[in-house]
Amino acid sequence: MLKPLTFAVPKGRILDEALPLMAHAGVVPEAEFHDKKSRALSFACEGDEFGDMRLIRVRAFDVATFVAHGAAQVGIVGSDVVEEFAYSDLYAPVDLDIGHCRLSVAEPVGQESGNGSASHLRVASKYPNLTRKHFEKLGIQAEVVKLNGAMELAPGLGLASRIVDLVSTGKTLKDNGLVETSQILQISARLIVNRAALKTDERVGALVERFRALVAQAKAA
Ligand SMILES: Nc1ncnc2c1ncn2[C@@H]1O[C@H](COP(=O)(O)OP(=O)(O)OP(=O)(O)O)[C@@H](O)[C@H]1O
Ligand SMILES: O=P(O)(O)OC[C@H]1O[C@H](OP(=O)(O)OP(=O)(O)O)[C@H](O)[C@@H]1O
């Protein structure tokens with residue numbers, strides 16, 4: 001009897017783009033998954049190709065945590081999250097070519113200072129590790145004020161001189177009087193797996209191959 005397989009997906013914006021891809025791979029959640037009134041967090045999947053597979057819906061950063069600890073064996077998450085945590089037990093074998101955005105530094109319009117001769121800066125971000133690493137490379141010590149959203153407010157309110165946040169169209173920065181001053185990382189969503197599960201459960205390898213083939217097929221089309 002196969003152990004249940006748990007597939008973690010984020011609640012946020014990647015999900016809409018990920019669901020069609022998952023369906024092509026044979027990962028289809030039960031109807032309750034789409035019921036906005038449901039408070040359930042774990043859902044059975046249709047069919048029995050992968051045995052007893054469940055889908056769990058968690059916050060983006062938590063997808064990586066569940067998979068790294070083996071509580072979920074497979075997941076989908078942005079490469080920003082993979083890079084921020086750099087968990088050794090987490091392997092990201094497939095770039096799904098969805099959820100494209102970038103991680104950038106932004107400053108108030110008209111006050112773009114470059115980094116000048118600063119040796120220390122206060123930066124607001126949801127990504128403390130990537131932020132510190134980026135500024136370290138420039139010889140600057142970044143004191144990171146960790147926020148979970150609405151980073152764009154921080155410079156105007158004196159919480160930090162700049163922010164490090166995700167940018168896609170640039171509208172959020174523009175509407176909040178900020179300008180992108182450098183790009184740190186190009187981002188896309190990844191299929192992630194727990195390394196131990198990949199070695200011990202052949203369904204995990206089968207899912208990796210399924211998603212890999214789908215992405216290759218989409219690129220060739
Ligand atoms: N503007 C964007 N355009 C494209 N992809 C984005 C954008 N913002 C975020 N992403 C991608 O989607 C992922 C999830 O972002 P989102 O902010 O929607 O998650 P969330 O689940 O709402 O976050 P939280 O856990 O803070 O509630 C990010 O990690 C990133 O990879
Ligand atoms: O460049 P844009 O196209 O404007 O996108 C950038 C915005 O998208 C993300 O936020 P999201 O909408 O996911 O909300 P959040 O603040 O809850 O993270 C990100 O944190 C930016 O605020």
# chains A, B, ... in the order shown; residues from 1 in each chain; ligands from 1
>>> select_by_dssp(residues="stretch 11-207 of chain A", states="strand (DSSP E)", output="count of residues only")
62
>>> closest_atom_pairs(of="stretch 78-103 of chain A", to="stretch 50-67 of chain A", cutoff="9 Å", atoms="only C-alpha atoms", output="Markdown table")
| residue | atom | partner | partner_atom | distance |
| --- | --- | --- | --- | --- |
| A:Gly78 | CA | A:Ala60 | CA | 7.8 |
| A:Val81 | CA | A:Phe61 | CA | 6.0 |
| A:Val82 | CA | A:Ala64 | CA | 6.8 |
| A:Phe85 | CA | A:Ala64 | CA | 7.9 |
| A:Tyr87 | CA | A:Ala64 | CA | 8.2 |
| A:Asp89 | CA | A:Val67 | CA | 8.3 |
| A:Leu90 | CA | A:Val67 | CA | 6.7 |
>>> residues_near_ligand(ligand="ligand 1", cutoff="6 Å", atoms="only C-alpha atoms and all ligand atoms", output="list in words")
Pro10, Lys11, Gly12, Arg13, Ile14, Arg59, Ala60, Phe61, Gly78, Asp80, Val81, Gly99, His100, Cys101, Asn148, Leu166, Val167, Ser168 and Ala189 of chain A
>>> residues_near_ligand(ligand="ligand 2", cutoff="6 Å", atoms="only C-alpha atoms and all ligand atoms", output="list in words")
Gly149, Ala150, Asp165, Leu166, Val167, Ser168, Thr169, Gly170, Lys171 and Thr172 of chain A
>>> write_last_selection(atoms="N, CA and C atoms", output="PDB file, in the first residue's frame")
ATOM      1  N   GLY A 149       4.277  42.602   3.586  1.00  0.00           N
ATOM      2  CA  GLY A 149       3.535  43.155   2.458  1.00  0.00           C
ATOM      3  C   GLY A 149       3.593  44.672   2.555  1.00  0.00           C
ATOM      4  N   ALA A 150       3.058  45.341   1.538  1.00  0.00           N
ATOM      5  CA  ALA A 150       3.002  46.808   1.517  1.00  0.00           C
ATOM      6  C   ALA A 150       4.340  47.474   1.856  1.00  0.00           C
ATOM      7  N   ASP A 165      11.709  44.340  -3.314  1.00  0.00           N
ATOM      8  CA  ASP A 165      10.406  43.683  -3.466  1.00  0.00           C
ATOM      9  C   ASP A 165      10.247  43.129  -4.883  1.00  0.00           C
ATOM     10  N   LEU A 166       9.170  42.367  -5.068  1.00  0.00           N
ATOM     11  CA  LEU A 166       8.872  41.806  -6.378  1.00  0.00           C
ATOM     12  C   LEU A 166       8.288  42.879  -7.277  1.00  0.00           C
ATOM     13  N   VAL A 167       8.701  42.851  -8.533  1.00  0.00           N
ATOM     14  CA  VAL A 167       8.175  43.788  -9.527  1.00  0.00           C
ATOM     15  C   VAL A 167       7.767  42.990 -10.753  1.00  0.00           C
ATOM     16  N   SER A 168       6.590  43.333 -11.290  1.00  0.00           N
ATOM     17  CA  SER A 168       6.190  42.701 -12.547  1.00  0.00           C
ATOM     18  C   SER A 168       5.939  43.802 -13.563  1.00  0.00           C
ATOM     19  N   THR A 169       4.782  44.460 -13.489  1.00  0.00           N
ATOM     20  CA  THR A 169       4.505  45.557 -14.430  1.00  0.00           C
ATOM     21  C   THR A 169       5.163  46.865 -13.983  1.00  0.00           C
ATOM     22  N   GLY A 170       5.461  46.990 -12.713  1.00  0.00           N
ATOM     23  CA  GLY A 170       6.022  48.232 -12.171  1.00  0.00           C
ATOM     24  C   GLY A 170       4.942  49.185 -11.670  1.00  0.00           C
ATOM     25  N   LYS A 171       3.673  48.785 -11.822  1.00  0.00           N
ATOM     26  CA  LYS A 171       2.570  49.686 -11.439  1.00  0.00           C
ATOM     27  C   LYS A 171       2.556  49.976  -9.930  1.00  0.00           C
ATOM     28  N   THR A 172       2.816  48.964  -9.133  1.00  0.00           N
ATOM     29  CA  THR A 172       2.783  49.174  -7.669  1.00  0.00           C
ATOM     30  C   THR A 172       3.834  50.200  -7.254  1.00  0.00           C
TER      31      THR A 172
END
>>> atom_distance(atom1="atom CA of A:Pro128", atom2="atom CA of A:Val9")
22.8 Å
>>> residues_around(residues="stretch 192-198 of chain A", least_positions_apart="2", cutoff="9 Å", atoms="only C-alpha atoms", output="CSV table (one decimal) with C-alpha atoms, in the first residue's frame")
chain,number,residue,atom,x,y,z
A,64,ALA,CA,9.0,25.5,0.7
A,67,VAL,CA,8.5,20.3,1.2
A,68,ALA,CA,12.0,20.9,2.7
A,69,HIS,CA,10.8,19.1,5.9
A,70,GLY,CA,9.2,16.2,3.9
A,71,ALA,CA,5.7,17.0,5.2
A,72,ALA,CA,4.8,17.5,1.5
A,73,GLN,CA,6.8,15.7,-1.1
A,74,VAL,CA,6.1,17.9,-4.1
A,75,GLY,CA,5.2,21.6,-4.5
A,76,ILE,CA,5.0,24.6,-6.7
A,77,VAL,CA,6.6,27.9,-5.6
A,82,VAL,CA,13.6,28.8,-3.2
A,88,SER,CA,19.5,21.8,1.3
A,89,ASP,CA,16.7,19.1,1.4
A,90,LEU,CA,14.7,21.0,-1.3
A,91,TYR,CA,15.4,20.4,-5.0
A,92,ALA,CA,13.9,22.5,-7.7
A,93,PRO,CA,14.3,20.5,-10.9
A,94,VAL,CA,11.7,22.1,-13.2
A,190,ARG,CA,9.4,26.0,-10.0
A,200,THR,CA,12.4,6.7,-2.2
A,201,ASP,CA,9.0,7.3,-3.9
A,202,GLU,CA,8.9,6.7,-7.6
A,203,ARG,CA,5.8,8.8,-8.0
A,204,VAL,CA,7.8,11.9,-7.2
A,205,GLY,CA,10.2,11.2,-10.1
A,208,VAL,CA,9.1,15.6,-12.2
>>> residues_around(residues="stretch 17-26 of chain A", least_positions_apart="6", cutoff="8 Å", atoms="only C-alpha atoms", output="compact mmCIF listing (two decimals) with C-alpha atoms, in the first residue's frame")
# COMPACT_ATOMS: atom_id res chain seq x y z
CA GLU A 49 -2.80 7.35 -10.98
CA ILE A 76 5.05 24.64 -6.73
CA ILE A 98 5.04 30.77 -15.27
CA GLY A 99 4.84 33.43 -12.51
CA LEU A 207 5.74 13.82 -11.52
CA ARG A 210 5.62 14.71 -16.37
CA PHE A 211 6.08 18.44 -15.62
CA LEU A 214 4.92 19.54 -20.39
>>> residues_around(residues="A:Glu143", least_positions_apart="6", cutoff="7 Å", atoms="only C-alpha atoms", output="PyMOL selection string")
chain A and resi 121-123
>>> atom_distance(atom1="atom CA of A:Leu138", atom2="atom CA of A:Glu84")
18.3 Å
>>> select_by_dssp(residues="stretch 6-54 of chain A", states="helix (DSSP H, G or I)", output="ChimeraX atom specification")
/A:14-24,31-34
>>> write_last_selection(atoms="N, CA and C atoms", output="CSV table (one decimal), in the first residue's frame")
chain,number,residue,atom,x,y,z
A,14,ILE,N,0.3,32.6,-8.2
A,14,ILE,CA,0.9,31.6,-9.1
A,14,ILE,C,-0.1,30.5,-9.4
A,15,LEU,N,-1.1,30.3,-8.5
A,15,LEU,CA,-2.0,29.2,-8.6
A,15,LEU,C,-2.8,29.2,-9.9
A,16,ASP,N,-3.3,30.4,-10.3
A,16,ASP,CA,-4.1,30.4,-11.5
A,16,ASP,C,-3.4,29.9,-12.7
A,17,GLU,N,-2.1,30.2,-12.8
A,17,GLU,CA,-1.3,29.8,-13.9
A,17,GLU,C,-0.9,28.3,-13.7
A,18,ALA,N,-0.8,27.9,-12.5
A,18,ALA,CA,-0.3,26.5,-12.2
A,18,ALA,C,-1.4,25.5,-12.4
A,19,LEU,N,-2.6,25.8,-12.2
A,19,LEU,CA,-3.7,24.8,-12.2
A,19,LEU,C,-3.8,24.1,-13.6
A,20,PRO,N,-3.8,24.9,-14.7
A,20,PRO,CA,-3.9,24.2,-16.0
A,20,PRO,C,-2.7,23.2,-16.2
A,21,LEU,N,-1.5,23.6,-15.8
A,21,LEU,CA,-0.3,22.8,-16.0
A,21,LEU,C,-0.5,21.5,-15.1
A,22,MET,N,-1.0,21.7,-13.9
A,22,MET,CA,-1.2,20.6,-13.0
A,22,MET,C,-2.2,19.6,-13.6
A,23,ALA,N,-3.2,20.2,-14.2
A,23,ALA,CA,-4.3,19.3,-14.8
A,23,ALA,C,-3.7,18.5,-15.9
A,24,HIS,N,-2.8,19.1,-16.8
A,24,HIS,CA,-2.2,18.3,-17.8
A,24,HIS,C,-1.3,17.2,-17.3
A,31,ALA,N,-13.6,19.0,-6.4
A,31,ALA,CA,-14.3,20.3,-6.7
A,31,ALA,C,-14.3,21.2,-5.5
A,32,GLU,N,-14.2,20.8,-4.3
A,32,GLU,CA,-14.3,21.6,-3.1
A,32,GLU,C,-13.1,22.6,-3.1
A,33,PHE,N,-12.0,22.3,-3.8
A,33,PHE,CA,-10.8,23.2,-3.9
A,33,PHE,C,-11.2,24.5,-4.4
A,34,HIS,N,-12.2,24.5,-5.4
A,34,HIS,CA,-12.6,25.8,-6.0
A,34,HIS,C,-13.8,26.5,-5.3
>>> atom_distance(atom1="atom CA of A:Ile184", atom2="atom CA of A:Ser125")
12.8 Å
>>> closest_residue(among="A:Glu30, A:Glu46, A:Glu83, A:Glu152", to="A:Ala106", atoms="only C-alpha atoms")
A:Glu152
